[in-house]
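Written below as C-alpha cells is the structure these notes are about.
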Amino acid sequence: MSSRQYAEVILRELGRTLSQLDDKEMQTLAGQLLAAKRIFVAGAGRSGLMGKAFAMRLMQMGLEVYVVGETVTPGISSADFLLLCSGSGETGSLAAMARKASGAGASVGLVTIKPESTIARLAQTVVVLPASAKEDTAAAGKDVTIQPMGSLFEQSLLISMDALILTIMEMKGMTGADMFSKHANLE
C-alpha cells in the first residue's frame with residue numbers, strides 16, 4: 001500500500017471513531033473547564049503530547065492552565081480541574097495524580113478508551129473515545145485499526161480536543177483572532 005492509501009485508511013478510522021463522540025460528554029467537559037479557577041493537564045507518552053497541545057490552546061483562550069510536571073506548575077486546589085489523557089485509564093502515574101487531586105478537593109476529568117478503568121472511577125467527568133487500545137491491533141487478531149499501538153486514540157484525542165476548543169470558543173463568543181493575541185511572540 002502507498003503512503004497516500006495508508007493516509008486514506010487512517011482518515012476512515014478517524015471518521016468512524018470521531019463519529020461516535022458523545023456531545024453530552026464533551027459539553028460536560030467544556031463546562032468543567034470553564035468553571036475551574038485553574039486547569040491542570042497530564043498524560044503519558046504521545047497522549048501527553050496531545051494534552052500539551054490542548055493546554056496551549058486553553059492558554060491562548062486566556063484560561064489559566066498548567067501541564068503537570070513542568071517546573072512552574074503550582075499545587076492543585078479544590079477550585080481547580082485536572083484533565084487526564086489516558087487510553088487505558090490505568091497509567092499508574094496518572095492514577096496517582098487523580099487520587100492526589102481528589103484528595104485536594106479538585107475535580108478530575110478523563111479522556112479515555114476505557115470508561116470502566118481505574119482513573120475513570122476516580123473522575124467526575126469522563127469522555128470516551130471509542131478508539132483502540134495498544135493491544136487492539138490487526139496483529140492481535142482484532143480488526144479495529146491498521147495502526148500500531150495507540151495511534152488511533154492519540155490522533156482522535158488531538159482532533160476531539162480541537163473540536164472541544166471550538167465548542168468553548170463558541171460558548172465564550174471568541175474568534176481565532178481573539179486567541180491570536182495570546183500566541184507566543186518572543187521568537
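Letters A, B, ... mark the chains of the C-alpha cells in the order given; residue numbers begin at 1 per chain; ligand numbers begin at 1, in order shown.
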Please list as a list in words every residue within 10 Å of Asp23 in chain A, counting only C-alpha atoms and excluding residues in the same chain fewer than 6 positions away.
Leu29, Val127 and Leu164 of chain A
Go ahead and compute the interatomic distance for CA of Pro130 in chain A and CA of Leu166 in chain A, in Å to one decimal.
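Calculated distance between CA of Pro130 in chain A and CA of Leu166 in chain A is 20.8 Å.
Counting from CA of Ala123 in chain A, the distance to CA of Gly48 in chain A is 17.6 Å.
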Could you list, as a VMD selection string, every residue within 10 Å of Gly176 in chain A, counting only C-alpha atoms and ignoring same-chain residues fewer than 3 positions away?
chain A and resid 60 to 61 166 169 179 to 181
Ile39 in chain A environment, 7 Å, only C-alpha atoms, sequence neighbours closer than 4 positions dropped, as a list in words
Leu33, Glu64, Val65, Tyr66, Asp80, Phe81 and Leu82 of chain A
Near Ala120 in chain A, within 12 Å and counting only C-alpha atoms, which residues show up once chain neighbours fewer than 2 positions away are dropped, as a ChimeraX atom specification?
/A:83-91,94-95,98-99,108-118,122-128
Give me, as a list in words, the residues of range 13-115 of chain A that a backbone DSSP run labels strand (DSSP E).
Ile39, Phe40, Val41, Ala42, Gly43, Val65, Tyr66, Val67, Phe81, Leu82, Leu83, Leu84, Cys85, Ser107, Val108, Gly109, Leu110, Val111 and Thr112 of chain A
For the selection just defined, write its residues with N, CA, C and O atoms to a file, as a PDB file, in the first residue's frame.
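File selection-v3.pdb, as written:
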ATOM      1  N   ILE A  39      -6.688  25.050  35.388  1.00  0.00           N
ATOM      2  CA  ILE A  39      -6.789  23.754  34.726  1.00  0.00           C
ATOM      3  C   ILE A  39      -5.402  23.134  34.697  1.00  0.00           C
ATOM      4  O   ILE A  39      -4.417  23.797  34.348  1.00  0.00           O
ATOM      5  N   PHE A  40      -5.342  21.863  35.052  1.00  0.00           N
ATOM      6  CA  PHE A  40      -4.101  21.098  35.008  1.00  0.00           C
ATOM      7  C   PHE A  40      -4.306  19.965  34.009  1.00  0.00           C
ATOM      8  O   PHE A  40      -5.331  19.284  34.053  1.00  0.00           O
ATOM      9  N   VAL A  41      -3.338  19.746  33.124  1.00  0.00           N
ATOM     10  CA  VAL A  41      -3.446  18.727  32.086  1.00  0.00           C
ATOM     11  C   VAL A  41      -2.267  17.781  32.194  1.00  0.00           C
ATOM     12  O   VAL A  41      -1.128  18.223  32.393  1.00  0.00           O
ATOM     13  N   ALA A  42      -2.548  16.470  32.053  1.00  0.00           N
ATOM     14  CA  ALA A  42      -1.469  15.485  32.090  1.00  0.00           C
ATOM     15  C   ALA A  42      -1.823  14.274  31.242  1.00  0.00           C
ATOM     16  O   ALA A  42      -2.991  13.939  31.057  1.00  0.00           O
ATOM     17  N   GLY A  43      -0.796  13.632  30.761  1.00  0.00           N
ATOM     18  CA  GLY A  43      -0.902  12.385  30.016  1.00  0.00           C
ATOM     19  C   GLY A  43       0.495  11.818  29.907  1.00  0.00           C
ATOM     20  O   GLY A  43       1.477  12.509  30.182  1.00  0.00           O
ATOM     21  N   VAL A  65      -3.890  27.677  32.753  1.00  0.00           N
ATOM     22  CA  VAL A  65      -3.686  26.245  32.528  1.00  0.00           C
ATOM     23  C   VAL A  65      -2.221  25.891  32.751  1.00  0.00           C
ATOM     24  O   VAL A  65      -1.324  26.677  32.462  1.00  0.00           O
ATOM     25  N   TYR A  66      -2.025  24.692  33.295  1.00  0.00           N
ATOM     26  CA  TYR A  66      -0.679  24.180  33.572  1.00  0.00           C
ATOM     27  C   TYR A  66      -0.564  22.749  33.089  1.00  0.00           C
ATOM     28  O   TYR A  66      -1.537  21.992  33.138  1.00  0.00           O
ATOM     29  N   VAL A  67       0.632  22.368  32.659  1.00  0.00           N
ATOM     30  CA  VAL A  67       0.935  20.985  32.331  1.00  0.00           C
ATOM     31  C   VAL A  67       1.605  20.385  33.558  1.00  0.00           C
ATOM     32  O   VAL A  67       2.620  20.913  34.039  1.00  0.00           O
ATOM     33  N   PHE A  81      -9.296  22.017  38.243  1.00  0.00           N
ATOM     34  CA  PHE A  81      -9.724  20.850  37.469  1.00  0.00           C
ATOM     35  C   PHE A  81      -8.499  20.175  36.875  1.00  0.00           C
ATOM     36  O   PHE A  81      -7.655  20.839  36.261  1.00  0.00           O
ATOM     37  N   LEU A  82      -8.395  18.869  37.054  1.00  0.00           N
ATOM     38  CA  LEU A  82      -7.314  18.072  36.477  1.00  0.00           C
ATOM     39  C   LEU A  82      -7.876  17.261  35.322  1.00  0.00           C
ATOM     40  O   LEU A  82      -8.801  16.466  35.517  1.00  0.00           O
ATOM     41  N   LEU A  83      -7.338  17.453  34.117  1.00  0.00           N
ATOM     42  CA  LEU A  83      -7.737  16.674  32.953  1.00  0.00           C
ATOM     43  C   LEU A  83      -6.627  15.700  32.610  1.00  0.00           C
ATOM     44  O   LEU A  83      -5.496  16.106  32.340  1.00  0.00           O
ATOM     45  N   LEU A  84      -6.967  14.418  32.616  1.00  0.00           N
ATOM     46  CA  LEU A  84      -6.008  13.370  32.295  1.00  0.00           C
ATOM     47  C   LEU A  84      -6.351  12.755  30.945  1.00  0.00           C
ATOM     48  O   LEU A  84      -7.528  12.550  30.628  1.00  0.00           O
ATOM     49  N   CYS A  85      -5.324  12.462  30.165  1.00  0.00           N
ATOM     50  CA  CYS A  85      -5.479  11.833  28.858  1.00  0.00           C
ATOM     51  C   CYS A  85      -4.820  10.465  28.929  1.00  0.00           C
ATOM     52  O   CYS A  85      -3.591  10.376  29.031  1.00  0.00           O
ATOM     53  N   SER A 107     -11.662  18.660  41.046  1.00  0.00           N
ATOM     54  CA  SER A 107     -12.401  17.777  40.149  1.00  0.00           C
ATOM     55  C   SER A 107     -11.425  17.149  39.166  1.00  0.00           C
ATOM     56  O   SER A 107     -10.424  17.769  38.788  1.00  0.00           O
ATOM     57  N   VAL A 108     -11.756  15.941  38.735  1.00  0.00           N
ATOM     58  CA  VAL A 108     -10.893  15.202  37.813  1.00  0.00           C
ATOM     59  C   VAL A 108     -11.703  14.828  36.582  1.00  0.00           C
ATOM     60  O   VAL A 108     -12.843  14.368  36.689  1.00  0.00           O
ATOM     61  N   GLY A 109     -11.094  15.020  35.411  1.00  0.00           N
ATOM     62  CA  GLY A 109     -11.682  14.593  34.154  1.00  0.00           C
ATOM     63  C   GLY A 109     -10.736  13.644  33.446  1.00  0.00           C
ATOM     64  O   GLY A 109      -9.523  13.686  33.658  1.00  0.00           O
ATOM     65  N   LEU A 110     -11.301  12.794  32.613  1.00  0.00           N
ATOM     66  CA  LEU A 110     -10.509  11.807  31.886  1.00  0.00           C
ATOM     67  C   LEU A 110     -11.027  11.679  30.464  1.00  0.00           C
ATOM     68  O   LEU A 110     -12.235  11.587  30.245  1.00  0.00           O
ATOM     69  N   VAL A 111     -10.100  11.652  29.508  1.00  0.00           N
ATOM     70  CA  VAL A 111     -10.417  11.269  28.135  1.00  0.00           C
ATOM     71  C   VAL A 111      -9.751   9.918  27.931  1.00  0.00           C
ATOM     72  O   VAL A 111      -8.537   9.781  28.127  1.00  0.00           O
ATOM     73  N   THR A 112     -10.537   8.901  27.539  1.00  0.00           N
ATOM     74  CA  THR A 112     -10.063   7.530  27.554  1.00  0.00           C
ATOM     75  C   THR A 112     -10.811   6.646  26.558  1.00  0.00           C
ATOM     76  O   THR A 112     -11.856   7.036  26.037  1.00  0.00           O
TER      77      THR A 112
END
Top pick for closest residue to Leu158 in chain A, considering A:Lys172, A:Arg38, A:Arg121, A:Lys52 and counting only C-alpha atoms
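Of A:Lys172, A:Arg38, A:Arg121, A:Lys52, the one nearest Leu158 in chain A is A:Lys52, counting only C-alpha atoms.
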Taking only C-alpha atoms into account, name the residue in A:Ile76, A:Lys182, A:Ile119, A:Ile10 that is nearest to Ala96 in chain A.
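Distance minimum relative to Ala96 in chain A lands on A:Ile119.
Nearest residue to Glu13 in chain A, choosing from A:Met50, A:Leu58, A:Ser77, A:Leu152 and counting only C-alpha atoms: A:Leu152.
Compared by their closest atoms to Met149 in chain A, and using only C-alpha atoms, the residues A:Thr73, A:Ser47, A:Ser102, A:Thr167 rank with A:Ser47 nearest.
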